[in-house]
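Q: My structure is in query12.cif, and what it holds is mmCIF, C-alpha atoms:
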data_upload
loop_
_atom_site.label_atom_id
_atom_site.label_comp_id
_atom_site.auth_asym_id
_atom_site.auth_seq_id
_atom_site.Cartn_x
_atom_site.Cartn_y
_atom_site.Cartn_z
CA MET A 1 36.56 37.25 47.50
CA THR A 2 35.35 40.23 49.53
CA SER A 3 35.76 39.73 53.23
CA ILE A 4 32.71 39.72 55.44
CA ASP A 5 32.15 40.45 59.09
CA PRO A 6 31.02 37.13 60.66
CA GLU A 7 29.69 38.73 63.83
CA PRO A 8 26.51 40.67 63.12
CA VAL A 9 25.27 43.21 65.59
CA PRO A 10 22.20 41.67 67.26
CA VAL A 11 18.91 43.47 66.84
CA MET A 12 16.92 43.49 70.04
CA ILE A 13 14.46 45.64 71.94
CA SER A 14 15.70 46.26 75.47
CA GLN A 15 13.43 46.69 78.48
CA SER A 16 13.54 50.03 80.29
CA PRO A 17 15.49 50.07 83.61
CA LEU A 18 12.41 51.23 85.54
CA LYS A 19 10.27 48.35 84.27
CA ALA A 20 13.02 45.85 85.02
CA TRP A 21 13.41 47.21 88.58
CA LEU A 22 9.66 47.13 89.23
CA ARG A 23 9.38 43.59 87.90
CA ARG A 24 12.11 42.45 90.28
CA HIS A 25 11.00 44.29 93.42
CA ALA A 26 7.22 44.60 93.07
CA SER A 27 6.43 41.45 95.08
CA PRO A 28 8.64 42.27 98.11
CA LEU A 29 7.34 45.87 98.15
CA VAL A 30 3.68 44.80 98.06
CA ALA A 31 4.26 42.17 100.79
CA SER A 32 6.06 44.71 102.98
CA ALA A 33 3.30 47.29 102.54
CA THR A 34 0.69 44.66 103.42
CA LEU A 35 2.64 43.64 106.53
CA VAL A 36 2.92 47.23 107.76
CA THR A 37 -0.75 47.95 107.03
CA ILE A 38 -2.06 44.86 108.90
CA THR A 39 0.27 45.48 111.84
CA LEU A 40 -0.75 49.15 112.25
CA ALA A 41 -4.43 48.32 111.83
CA GLY A 42 -4.20 45.52 114.42
CA LEU A 43 -2.54 47.82 116.94
CA LEU A 44 -4.94 50.74 116.44
CA ILE A 45 -8.39 49.13 116.18
CA PRO A 46 -10.36 48.01 119.27
CA GLU A 47 -9.07 44.90 121.07
CA ASP A 48 -12.17 42.86 120.35
CA ILE A 49 -11.40 42.89 116.62
CA HIS A 50 -8.59 40.42 115.82
CA PHE A 51 -6.43 40.97 112.72
CA GLY A 52 -3.91 38.23 113.43
CA SER A 53 -5.39 35.85 110.86
CA LEU A 54 -4.74 38.34 108.03
CA PHE A 55 -0.96 37.90 108.28
CA VAL A 56 -1.23 34.78 106.09
CA ALA A 57 -1.47 37.18 103.13
CA VAL A 58 2.13 38.33 103.64
CA PRO A 59 3.96 35.09 102.63
CA ALA A 60 1.33 34.45 99.93
CA LEU A 61 2.22 37.76 98.25
CA THR A 62 5.86 36.70 97.92
CA ALA A 63 5.04 33.75 95.64
CA VAL A 64 6.39 35.61 92.61
CA ALA A 65 9.41 37.09 94.39
CA PRO A 66 12.75 36.39 92.66
CA HIS A 67 14.27 34.47 95.63
CA ALA A 68 12.97 32.05 98.28
CA ARG A 69 14.76 34.00 101.02
CA VAL A 70 12.29 36.83 100.45
CA THR A 71 9.46 34.46 101.37
CA LEU A 72 11.30 33.23 104.46
CA CYS A 73 12.16 36.75 105.61
CA MET A 74 8.64 38.08 105.15
CA THR A 75 7.22 34.98 106.88
CA GLY A 76 9.38 35.66 109.94
CA LEU A 77 8.25 39.29 110.06
CA ALA A 78 4.61 38.19 109.64
CA CYS A 79 4.94 35.80 112.60
CA VAL A 80 6.37 38.60 114.76
CA GLY A 81 3.57 40.94 113.72
CA SER A 82 0.91 38.31 114.39
CA VAL A 83 2.29 37.65 117.88
CA ALA A 84 2.48 41.38 118.65
CA VAL A 85 -1.12 42.00 117.54
CA ASP A 86 -2.45 38.96 119.43
CA ILE A 87 -0.63 39.97 122.62
CA ARG A 88 -2.06 43.48 122.28
CA ASP A 89 -5.54 41.92 121.91
CA GLY A 90 -5.03 39.92 125.11
CA LEU A 91 -4.54 36.53 123.40
CA ALA A 92 -1.11 35.77 124.84
CA ARG A 93 -2.37 32.77 126.81
CA SER A 94 -5.00 31.78 124.27
CA SER A 95 -4.71 28.93 121.75
CA ILE A 96 -5.53 31.45 119.02
CA LEU A 97 -2.01 32.91 119.01
CA PRO A 98 -0.16 29.69 118.04
CA ILE A 99 -2.89 28.92 115.49
CA HIS A 100 -2.28 32.28 113.80
CA VAL A 101 1.47 31.64 113.75
CA LEU A 102 0.89 28.10 112.42
CA ASP A 103 -1.35 29.47 109.66
CA VAL A 104 1.43 31.80 108.51
CA LEU A 105 3.98 28.95 108.53
CA VAL A 106 1.67 26.63 106.58
CA ILE A 107 1.15 29.28 103.89
CA CYS A 108 4.91 29.82 103.78
CA GLY A 109 5.46 26.08 103.22
CA LEU A 110 2.89 25.96 100.42
CA VAL A 111 4.46 28.97 98.74
CA LEU A 112 7.91 27.32 98.88
CA VAL A 113 6.53 24.11 97.37
CA LEU A 114 4.77 25.98 94.57
CA ARG A 115 7.92 28.04 94.00
CA ARG A 116 9.93 24.86 93.59
CA ILE A 117 7.45 23.54 91.02
CA ARG A 118 7.57 26.87 89.21
CA ASP A 119 11.37 26.88 89.17
CA MET A 120 11.39 23.37 87.69
CA ASP A 121 9.01 24.55 84.95
CA HIS A 122 11.25 27.55 84.29
CA GLN A 123 14.28 25.31 83.99
CA THR A 124 12.43 23.12 81.49
CA LEU A 125 11.34 26.18 79.52
CA ALA A 126 14.90 27.55 79.56
CA ALA A 127 16.19 24.23 78.18
CA ILE A 128 13.53 24.28 75.46
CA ARG A 129 14.47 27.83 74.52
CA ALA A 130 18.14 26.89 74.37
CA VAL A 131 17.28 24.08 71.94
CA SER A 132 15.07 26.49 69.99
CA GLU A 133 17.86 29.07 69.73
CA THR A 134 20.28 26.40 68.51
CA ALA A 135 17.76 25.25 65.91
CA GLN A 136 17.16 28.83 64.82
CA ARG A 137 20.88 29.50 64.34
CA ALA A 138 21.10 26.36 62.21
CA LEU A 139 17.97 27.25 60.24
CA LEU A 140 18.24 31.04 60.08
CA ARG A 141 21.96 31.65 60.10
CA PRO A 142 22.88 35.15 61.30
CA LEU A 143 23.50 37.45 58.36
CA PRO A 144 26.84 39.27 58.30
CA CYS A 145 26.90 43.00 58.95
CA ARG A 146 28.87 43.64 55.76
CA VAL A 147 29.06 41.75 52.49
CA GLY A 148 30.88 43.42 49.64
CA CYS A 149 29.47 46.93 49.30
CA LEU A 150 26.38 46.17 51.38
CA ARG A 151 25.52 46.72 55.02
CA ILE A 152 22.89 44.32 56.35
CA ALA A 153 20.64 43.98 59.39
CA ALA A 154 18.04 41.28 59.99
CA ALA A 155 15.58 40.30 62.70
CA TYR A 156 13.01 37.57 63.25
CA ARG A 157 10.11 37.29 65.70
CA SER A 158 8.08 34.10 66.00
CA ALA A 159 4.33 34.05 66.56
CA ASP A 160 4.74 31.32 69.20
CA ALA A 161 5.36 32.97 72.56
CA HIS A 162 7.89 30.36 73.71
CA ALA A 163 9.52 29.57 70.38
CA ARG A 164 12.26 31.36 68.48
CA ILE A 165 11.67 29.73 65.09
CA GLY A 166 8.72 29.47 62.76
CA GLY A 167 7.60 29.87 59.17
CA ASP A 168 9.34 33.08 58.08
CA ILE A 169 12.78 32.68 56.51
CA TYR A 170 15.67 34.74 55.19
CA ALA A 171 19.16 33.95 53.88
CA ALA A 172 22.03 35.56 51.99
CA GLU A 173 24.81 34.03 49.90
CA ARG A 174 27.91 35.65 48.37
CA VAL A 175 28.47 34.38 44.79
CA ASP A 176 31.19 35.71 42.43
CA GLY A 177 30.84 39.45 42.95
CA THR A 178 27.11 39.21 43.66
CA VAL A 179 25.05 38.91 46.83
CA ARG A 180 21.85 36.88 46.59
CA PHE A 181 19.06 37.17 49.15
CA LEU A 182 16.01 35.06 49.91
CA ILE A 183 13.11 36.05 52.12
CA GLY A 184 9.99 33.95 52.35
CA ASP A 185 6.89 33.03 54.29
CA VAL A 186 5.72 29.45 54.69
CA ARG A 187 1.96 28.91 54.78
CA GLY A 188 1.04 28.61 58.42
CA LYS A 189 3.03 29.91 61.35
CA GLY A 190 5.13 28.80 64.29
CA LEU A 191 6.67 25.38 64.74
CA ALA A 192 4.35 23.64 62.25
CA ALA A 193 6.02 25.51 59.39
CA VAL A 194 9.64 24.79 60.36
CA ASP A 195 9.95 21.69 58.15
CA ASP A 196 8.98 23.53 54.96
CA ALA A 197 11.22 26.45 55.93
CA ALA A 198 14.22 24.16 56.34
CA ALA A 199 13.59 22.60 52.91
CA VAL A 200 13.55 25.88 50.97
CA LEU A 201 16.52 27.33 52.88
CA GLY A 202 18.64 24.29 52.16
CA SER A 203 17.74 24.45 48.49
CA PHE A 204 18.59 28.17 48.28
CA ARG A 205 22.01 27.79 49.90
CA GLU A 206 22.92 25.12 47.38
CA SER A 207 21.29 26.56 44.25
CA ALA A 208 22.58 30.11 44.82
CA HIS A 209 26.11 28.89 44.05
CA ARG A 210 25.13 26.56 41.22
CA ASP A 211 22.67 28.52 39.08
CA ALA A 212 24.14 31.31 36.97
CA THR A 213 20.99 33.43 36.58
CA LEU A 214 18.26 34.53 38.94
CA ASP A 215 15.44 32.84 37.00
CA LYS A 216 17.31 29.52 37.06
CA LEU A 217 17.71 29.91 40.82
CA ALA A 218 13.96 30.47 41.20
CA ARG A 219 13.23 27.39 39.08
CA SER A 220 15.54 25.30 41.26
CA LEU A 221 13.69 26.48 44.37
CA GLU A 222 10.33 25.60 42.79
CA THR A 223 11.55 22.12 41.84
CA SER A 224 12.96 21.51 45.29
CA VAL A 225 9.79 22.65 47.08
CA GLN A 226 7.56 20.52 44.85
CA ARG A 227 9.75 17.49 45.50
CA HIS A 228 9.64 18.20 49.25
CA LEU A 229 5.83 18.53 49.28
CA ALA A 230 5.40 15.40 47.17
CA GLN A 231 7.02 13.37 49.95
CA TYR A 232 4.16 14.33 52.28
CA ALA A 233 1.31 13.97 49.79
CA ASP A 234 0.45 10.39 50.83
CA CYS A 235 0.72 10.80 54.60
CA GLU A 236 -0.57 14.37 55.11
CA GLY A 237 -3.87 15.53 53.72
CA ASP A 238 -2.95 19.22 53.52
CA ALA A 239 0.27 18.72 51.53
CA SER A 240 -1.43 19.99 48.36
CA GLU A 241 -2.38 23.22 50.15
CA ARG A 242 1.10 24.05 51.38
CA PHE A 243 3.20 26.69 49.64
CA ILE A 244 5.87 29.30 50.28
CA THR A 245 5.80 32.92 49.15
CA ALA A 246 9.30 34.22 48.45
CA LEU A 247 11.42 37.01 47.05
CA VAL A 248 14.72 36.17 45.36
CA VAL A 249 16.99 39.22 45.17
CA GLU A 250 20.36 39.74 43.50
CA VAL A 251 22.69 42.72 44.07
CA PRO A 252 25.79 42.85 41.82
CA ASP A 253 28.86 44.65 43.13
CA ASP A 254 29.75 46.43 39.89
CA THR A 255 26.39 47.89 38.82
CA THR A 256 23.95 50.28 40.52
CA GLU A 257 20.96 47.97 40.25
CA VAL A 258 19.06 45.29 42.12
CA ARG A 259 17.27 42.36 40.45
CA VAL A 260 14.16 40.83 41.98
CA ILE A 261 11.90 37.84 41.30
CA SER A 262 8.67 37.67 43.28
CA CYS A 263 6.94 34.37 44.00
CA GLY A 264 3.72 35.73 45.43
CA HIS A 265 5.54 37.71 48.14
CA PRO A 266 4.92 41.32 49.27
CA ASN A 267 6.89 43.86 47.23
CA PRO A 268 10.06 45.23 48.84
CA MET A 269 10.45 48.86 49.88
CA MET A 270 13.24 51.20 48.84
CA SER A 271 14.42 54.33 50.64
CA ARG A 272 16.25 56.79 48.40
CA ARG A 273 17.41 60.36 48.82
CA THR A 274 14.40 61.40 46.77
CA GLY A 275 11.92 59.54 48.96
CA THR A 276 10.57 56.12 49.93
CA CYS A 277 8.63 53.89 47.57
CA LEU A 278 7.24 50.42 47.09
CA LEU A 279 9.01 48.66 44.23
CA ASP A 280 6.53 47.79 41.48
CA LEU A 281 7.02 44.19 40.38
CA ALA A 282 5.32 43.88 37.00
CA GLN A 283 4.55 40.14 36.88
CA PRO A 284 4.88 38.18 40.14
CA ALA A 285 5.06 34.40 39.77
CA PRO A 286 2.97 31.96 41.83
CA PRO A 287 4.26 30.97 45.29
CA LEU A 288 6.82 28.16 45.50
CA GLY A 289 5.03 24.83 45.36
CA LEU A 290 2.23 26.15 43.12
CA GLY A 291 4.26 27.19 40.09
CA GLY A 292 3.55 24.17 37.92
CA PRO A 293 5.73 23.17 34.95
CA ASP A 294 6.22 26.74 33.62
CA PRO A 295 6.02 29.39 36.36
CA GLY A 296 7.16 32.15 33.99
CA TYR A 297 9.71 33.85 36.21
CA ARG A 298 10.41 37.45 35.29
CA VAL A 299 13.39 39.40 36.61
CA ASP A 300 12.53 43.00 37.54
CA THR A 301 15.49 45.38 37.67
CA PHE A 302 15.56 48.60 39.73
CA ARG A 303 18.12 51.32 40.30
CA TYR A 304 20.06 50.88 43.55
CA ASP A 305 22.47 53.73 44.19
CA PRO A 306 24.98 54.11 47.05
CA GLY A 307 23.08 55.32 50.12
CA ASP A 308 19.81 53.59 49.15
CA THR A 309 18.27 51.15 51.64
CA LEU A 310 16.26 48.12 50.54
CA LEU A 311 13.75 46.63 53.01
CA LEU A 312 12.68 42.99 52.62
CA TYR A 313 9.89 41.79 54.92
CA THR A 314 7.17 39.19 55.41
CA ASP A 315 3.44 39.81 55.63
CA GLY A 316 3.54 39.80 59.44
CA LEU A 317 4.73 43.41 59.15
CA ILE A 318 1.96 44.77 56.93
CA GLU A 319 -0.90 42.63 58.30
CA ALA A 320 -0.51 43.53 61.97
CA ARG A 321 -3.58 45.38 63.28
CA ASP A 322 -4.24 47.71 66.17
CA ALA A 323 -7.25 47.59 68.51
CA SER A 324 -9.47 49.25 65.90
CA GLY A 325 -8.47 46.80 63.15
CA THR A 326 -6.23 49.22 61.24
CA PHE A 327 -3.31 47.63 59.41
CA TYR A 328 0.20 48.74 60.28
CA PRO A 329 1.26 51.54 57.85
CA ALA A 330 4.67 50.04 57.13
CA LEU A 331 5.63 52.24 54.17
CA ASP A 332 4.75 55.46 55.99
CA ARG A 333 6.66 54.42 59.13
CA PHE A 334 9.64 53.28 57.07
CA ALA A 335 9.76 56.71 55.45
CA THR A 336 10.11 58.40 58.86
CA LEU A 337 13.13 56.33 59.99
CA ASP A 338 16.78 57.26 59.66
CA THR A 339 17.99 54.79 57.04
CA ASP A 340 21.70 55.60 57.40
CA GLU A 341 22.03 52.65 59.79
CA PRO A 342 20.23 49.37 58.85
CA HIS A 343 20.11 48.15 62.46
CA SER A 344 18.30 51.34 63.49
CA VAL A 345 15.74 50.68 60.76
CA ILE A 346 15.04 47.16 62.01
CA THR A 347 14.90 48.18 65.67
CA GLY A 348 12.64 51.15 64.93
CA LEU A 349 10.20 49.08 62.88
CA LEU A 350 9.96 46.30 65.47
CA THR A 351 9.42 48.75 68.31
CA ASP A 352 6.78 50.67 66.39
CA LEU A 353 5.08 47.48 65.18
CA THR A 354 4.81 46.15 68.75
CA ALA A 355 3.29 49.42 69.94
CA HIS A 356 0.82 49.45 67.03
CA ALA A 357 -0.31 45.87 67.81
CA GLY A 358 -0.77 46.60 71.50
CA GLY A 359 2.26 44.61 72.57
CA GLU A 360 1.22 41.35 70.88
CA VAL A 361 2.18 40.53 67.29
CA ARG A 362 0.12 37.52 66.19
CA ASP A 363 2.13 36.43 63.14
CA ASP A 364 5.75 35.59 62.40
CA VAL A 365 7.73 38.63 61.26
CA ALA A 366 11.06 38.66 59.40
CA LEU A 367 12.87 41.85 58.37
CA VAL A 368 16.04 42.38 56.33
CA ALA A 369 17.42 45.88 55.70
CA VAL A 370 20.17 46.19 53.07
CA GLN A 371 22.01 49.46 52.45
CA ARG A 372 24.34 49.97 49.50
CA ARG A 373 27.47 51.88 50.51
CA CYS A 374 29.35 51.94 47.20
CA THR A 375 30.02 50.03 43.99
CA SER A 376 33.19 48.22 42.97
CA ALA A 377 33.00 49.32 39.33
CA PRO A 378 36.19 51.14 38.25
CA SER A 379 35.93 54.90 38.03
CA PRO A 380 36.54 56.49 34.57
CA SER A 381 39.15 58.81 36.12
CA HIS A 382 41.01 55.83 37.53
CA PRO A 383 41.07 53.10 34.86
CA PRO A 384 42.32 49.61 35.74
CA PRO A 385 46.05 49.04 35.30
CA VAL A 386 47.20 47.82 31.85
CA ALA A 387 50.31 45.68 31.45
CA SER A 388 53.17 47.50 29.68
CA ALA A 389 56.04 46.20 27.58
CA HIS A 390 58.40 46.56 30.55
CA PRO A 391 57.74 45.05 33.94
CA PRO A 392 56.60 47.76 36.39
CA THR A 393 58.97 48.78 39.15
CA ARG A 394 58.12 48.09 42.79
CA GLU A 395 57.47 51.78 43.39
CA MET A 396 55.01 52.02 40.49
CA THR A 397 53.28 48.82 41.55
CA SER A 398 52.76 50.11 45.08
CA ARG A 399 51.40 53.43 43.84
CA ARG A 400 48.93 52.09 41.26
CA CYS A 401 47.54 48.84 42.51
CA GLY A 402 49.25 47.85 45.76
CA ASP A 403 49.58 44.19 46.53
CA ARG A 404 47.15 43.14 43.77
CA ALA A 405 49.36 44.56 40.97
CA GLN A 406 52.43 42.89 42.47
CA GLN A 407 50.61 39.55 42.39
CA THR A 408 49.60 40.27 38.76
CA GLU A 409 53.26 40.87 37.78
CA SER A 410 54.27 37.50 39.20
CA LEU A 411 51.37 35.75 37.47
CA GLN A 412 52.30 37.37 34.13
CA GLY A 413 55.84 36.02 34.40
CA ASP A 414 54.45 32.53 34.91
CA ALA A 415 52.14 32.86 31.92
CA VAL A 416 54.84 34.13 29.52
CA SER A 417 57.04 31.19 30.37
CA ASN A 418 54.30 28.74 29.42
CA ALA A 419 54.80 27.06 26.06
CA ALA A 420 51.12 26.88 25.08
CA GLU A 421 49.63 30.34 24.65
CA ALA A 422 45.99 29.29 25.00
CA ASN A 423 46.62 27.33 28.19
CA ALA A 424 48.66 30.21 29.55
CA ARG A 425 45.75 32.60 29.07
CA LEU A 426 43.32 30.33 30.85
CA ARG A 427 45.76 29.70 33.65
CA LEU A 428 46.46 33.40 34.13
CA PHE A 429 42.78 34.29 34.14
CA ALA A 430 42.00 31.57 36.71
CA LEU A 431 44.85 32.64 38.97
CA LEU A 432 43.79 36.28 38.81
CA LYS A 433 40.24 35.31 39.78
CA ALA A 434 41.60 33.21 42.65
CA GLN A 435 43.48 36.26 43.95
CA GLY A 436 40.25 38.28 44.04
CA VAL A 437 40.82 40.35 40.89
CA PRO A 438 37.44 41.33 39.32
CA ALA A 439 36.60 39.55 36.08
CA ASP A 440 36.83 42.66 33.89
CA GLU A 441 40.28 43.60 35.24
CA ALA A 442 41.51 40.03 34.85
CA ASP A 443 40.29 39.92 31.24
CA ASP A 444 42.07 43.23 30.44
CA LEU A 445 45.34 41.98 31.92
CA VAL A 446 45.19 38.72 29.96
CA ALA A 447 44.47 40.64 26.75
CA ALA A 448 47.38 43.00 27.39
CA LEU A 449 49.73 40.07 27.96
CA ALA A 450 48.61 38.46 24.69
CA ALA A 451 49.28 41.73 22.83
CA GLU A 452 52.82 41.92 24.26
CA GLN A 453 53.55 38.39 23.09
#
Written as structure tokens, how would this file's structure read?
A:
Amino acid sequence: MTSIDPEPVPVMISQSPLKAWLRRHASPLVASATLVTITLAGLLIPEDIHFGSLFVAVPALTAVAPHARVTLCMTGLACVGSVAVDIRDGLARSSILPIHVLDVLVICGLVLVLRRIRDMDHQTLAAIRAVSETAQRALLRPLPCRVGCLRIAAAYRSADAHARIGGDIYAAERVDGTVRFLIGDVRGKGLAAVDDAAAVLGSFRESAHRDATLDKLARSLETSVQRHLAQYADCEGDASERFITALVVEVPDDTTEVRVISCGHPNPMMSRRTGTCLLDLAQPAPPLGLGGPDPGYRVDTFRYDPGDTLLLYTDGLIEARDASGTFYPALDRFATLDTDEPHSVITGLLTDLTAHAGGEVRDDVALVAVQRRCTSAPSPSHPPPVASAHPPTREMTSRRCGDRAQQTESLQGDAVSNAAEANARLRLFALLKAQGVPADEADDLVAALAAEQ
């Protein structure tokens, strides 16, 4: 079994340092400027014009400051400024001076109360987001950076401003020298689509290991979705209108090809050394839940060489519009990106998509970039090792196959000592597979052992 990296590099769009600094210090700076302006104006204008009542604006402007001590500090300075201006206006012995100070203190108290309410709301929102992130990790498990010969990056953005999960889904499963991917889009968006998304993801993770071929996997997904929707037919009126568009993709380790079945989903993109193109799927099937008894799944096969990058996406990418109503030109923008690093592809597309949509993407968006780095097929100049009539020496074993050949030698000794030749072959083949030896190499070794006997 090929090892995988369980800690994927997160894909995120960071805020610029200048924007972060301004967001943190804008309120204190504006309050300070207001305090200085009112104080100077009160000291320079004629004495019969009183500016002391304007100091209530200073604590009010600190309502969005990051800390309560900013409000308290600016309130104290506002009180000092109010007293200084009133004394300059000859109101030192008047009842107006304490009223101005009291006004500033009352506004300060109101700001502190409102800040406390806001902080409680933020704590509640933070708790909700923590639950949402936990649910997302359970629903959309992070994809590994490397699986077999593939490098992977994925990202998801929900249409709900305060939610991290929604109706777009993706998953990947490693199955016997093959990596299978699912990307889909549940009808609807946001939290209302989470239930259907969970149903199809659970079915994929189970069926990917059970079904031998890609069309059987697609049929299992269709059956599972129909069964899921049938449970809601009696209690929900729109159950018959619910469906899921999906792409089921299979990438074998030992061939330079990728197999795809489309269930009403947008066609994937491929970046090659010769250019970028949209893969042409000849006969897409209906979306999951609408396939009926015979969906007619067709497997389309495309060349997938080392260095090529496959982009899977949901319609939130291609249906985003700018202010003039122009759709996002996803294929053209994908062609301009450096596809040597999948995470750079995802980050670049999300950044560009957000700019195109004016900072607000109105639909769920899921992206998966998959780059093939190599194939595990044996090279003609380096054929797989063949068992000889004499057991190989330790030096030869180390030079030709390393630890794998040494394990093969031990397994051959066990097989030869077995009384039943047929059982010995099966046992040897199973043990070789358990040690991670590819099926074709294991079959050659078993055949060589049978010839020696």
Q: Nearest residue to Gly177 of chain A out of A:Arg137, A:Arg157, A:His209, A:His25, using only C-alpha atoms?
A: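 Checking each candidate against Gly177 of chain A, we get A:His209 as the closest.
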Q: Counting all atoms listed in the file, which residue out of A:Ser94, A:Ala68, A:Leu77, A:Ser220 sits closest to Arg118 of chain A?
A: A:Ala68
Q: Tell me which protein, DNA and RNA residues are within 10 Å of Val36 of chain A, counting all atoms listed in the file, leaving out same-chain ones fewer than 5 positions away, and put them as a list in words.
A: Ala31, Ala41, Gly42, Val58, Leu77, Ala78 and Gly81 of chain A
Q: Any chance you could export the current selection's C-alpha atoms as a PDB file, in the frame of the given file?
A:
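Output saved as part-v6.pdb:
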ATOM      1  CA  ALA A  31       4.260  42.170 100.790  1.00  0.00           C
ATOM      2  CA  ALA A  41      -4.430  48.320 111.830  1.00  0.00           C
ATOM      3  CA  GLY A  42      -4.200  45.520 114.420  1.00  0.00           C
ATOM      4  CA  VAL A  58       2.130  38.330 103.640  1.00  0.00           C
ATOM      5  CA  LEU A  77       8.250  39.290 110.060  1.00  0.00           C
ATOM      6  CA  ALA A  78       4.610  38.190 109.640  1.00  0.00           C
ATOM      7  CA  GLY A  81       3.570  40.940 113.720  1.00  0.00           C
TER       8      GLY A  81
END
Q: Which residues, written as a PyMOL selection string, have at least one atom at most 9 Å from segment 258-263 of chain A, with all atoms listed in the file counted and residues fewer than 4 positions away on the same chain left out?
A: chain A and resi 184+214-215+218+244-252+267+281+283-288+291+297-304
Q: To one decimal place in Å, what is the distance between atom CA of Asp119 of chain A and atom CA of Ser32 of chain A?
A: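 Distance reported for this atom pair: 23.2 Å.
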Q: Could you tell me, as number ranges by chain, which residues have any atom at most 6 Å from (5.0, 41.7, 59.9), counting only C-alpha atoms?
A: A: 314-318, 365
Q: Report, in Å with one decimal, the straight-line distance from atom CA of Arg242 of chain A to atom CA of Ala282 of chain A.
A: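 Computed distance, atom CA of Arg242 of chain A to atom CA of Ala282 of chain A, equals 24.9 Å.
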Q: Using the chain letters and numbering of this document, enumerate as a ChimeraX atom specification the residues selected by the PyMOL selection byres ((chain A and resi 271-279) around 8).
A: /A:267-270,280-281,302,307-310,331,334-335,339
Q: Could you list the residues chosen by the PyMOL selection byres ((chain A and resi 149) around 7) in this structure as a short mmCIF file (atom, residue, chain, number, x, y, z; two decimals) with C-alpha atoms, in the frame of the given file?
A:
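Contents of result.cif, as written:
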data_model
loop_
_atom_site.label_atom_id
_atom_site.label_comp_id
_atom_site.auth_asym_id
_atom_site.auth_seq_id
_atom_site.Cartn_x
_atom_site.Cartn_y
_atom_site.Cartn_z
CA VAL A 147 29.06 41.75 52.49
CA GLY A 148 30.88 43.42 49.64
CA LEU A 150 26.38 46.17 51.38
CA ARG A 151 25.52 46.72 55.02
CA ASP A 253 28.86 44.65 43.13
CA ARG A 372 24.34 49.97 49.50
CA ARG A 373 27.47 51.88 50.51
CA CYS A 374 29.35 51.94 47.20
CA THR A 375 30.02 50.03 43.99
#
Q: One number please: atom CA of Pro28 of chain A to atom CA of Val70 of chain A, in Å, one decimal.
A: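 Separating atom CA of Pro28 of chain A from atom CA of Val70 of chain A is a distance of 7.0 Å.
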Q: So, counting only C-alpha atoms, which residue among A:Ala138, A:Thr39, A:Ile117, A:Val56 is closest to Ile99 of chain A?
A: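 Closest to Ile99 of chain A of all the choices is A:Val56.
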Q: Need to verify the contact set: Ser324 of chain A, 10 Å, all atoms listed in the file, exclusion of same-chain residues closer than 3 positions in sequence. Can you return it as a VMD selection string?
A: chain A and resid 321 327 357
Q: Excluding Leu102 of chain A and its own-chain neighbours fewer than 5 positions away, which residues fall within 12 Å of it when counting all atoms listed in the file? Please give them as a list of chain:residue names.
A: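 Counting only the stated atoms, we get A:Gly52, A:Ser53, A:Phe55, A:Val56, A:Thr75, A:Gly76, A:Ala78, A:Cys79, A:Ser82, A:Val83, A:Ser95, A:Ile96, A:Leu97, A:Ile107, A:Cys108, A:Gly109.
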Q: Take the point (10.0, 33.4, 97.3) in the file's coordinates, draw a sphere of radius 10 Å around it, and report as an NGL selection string every protein, DNA or RNA residue with an atom inside or on it, counting only C-alpha atoms.
A: :A and (27-28 or 59-74 or 108 or 111-116)
Q: Leaving out segment 359-361 of chain A and any residue of its chain fewer than 2 positions from it, which residues lie within 7 Å of it when counting all atoms listed in the file, given as a list of chain:residue names?
A: A:Ala159, A:Ala320, A:Thr354, A:Ala355, A:Ala357, A:Asp363
Q: So, with all atoms listed in the file as the atoms that count, which of A:Ile87, A:Ser207, A:Gly166, A:Lys216 lies closest to Asp294 of chain A?
A: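 Answer, going by the shortest atom-to-atom distance: A:Lys216.
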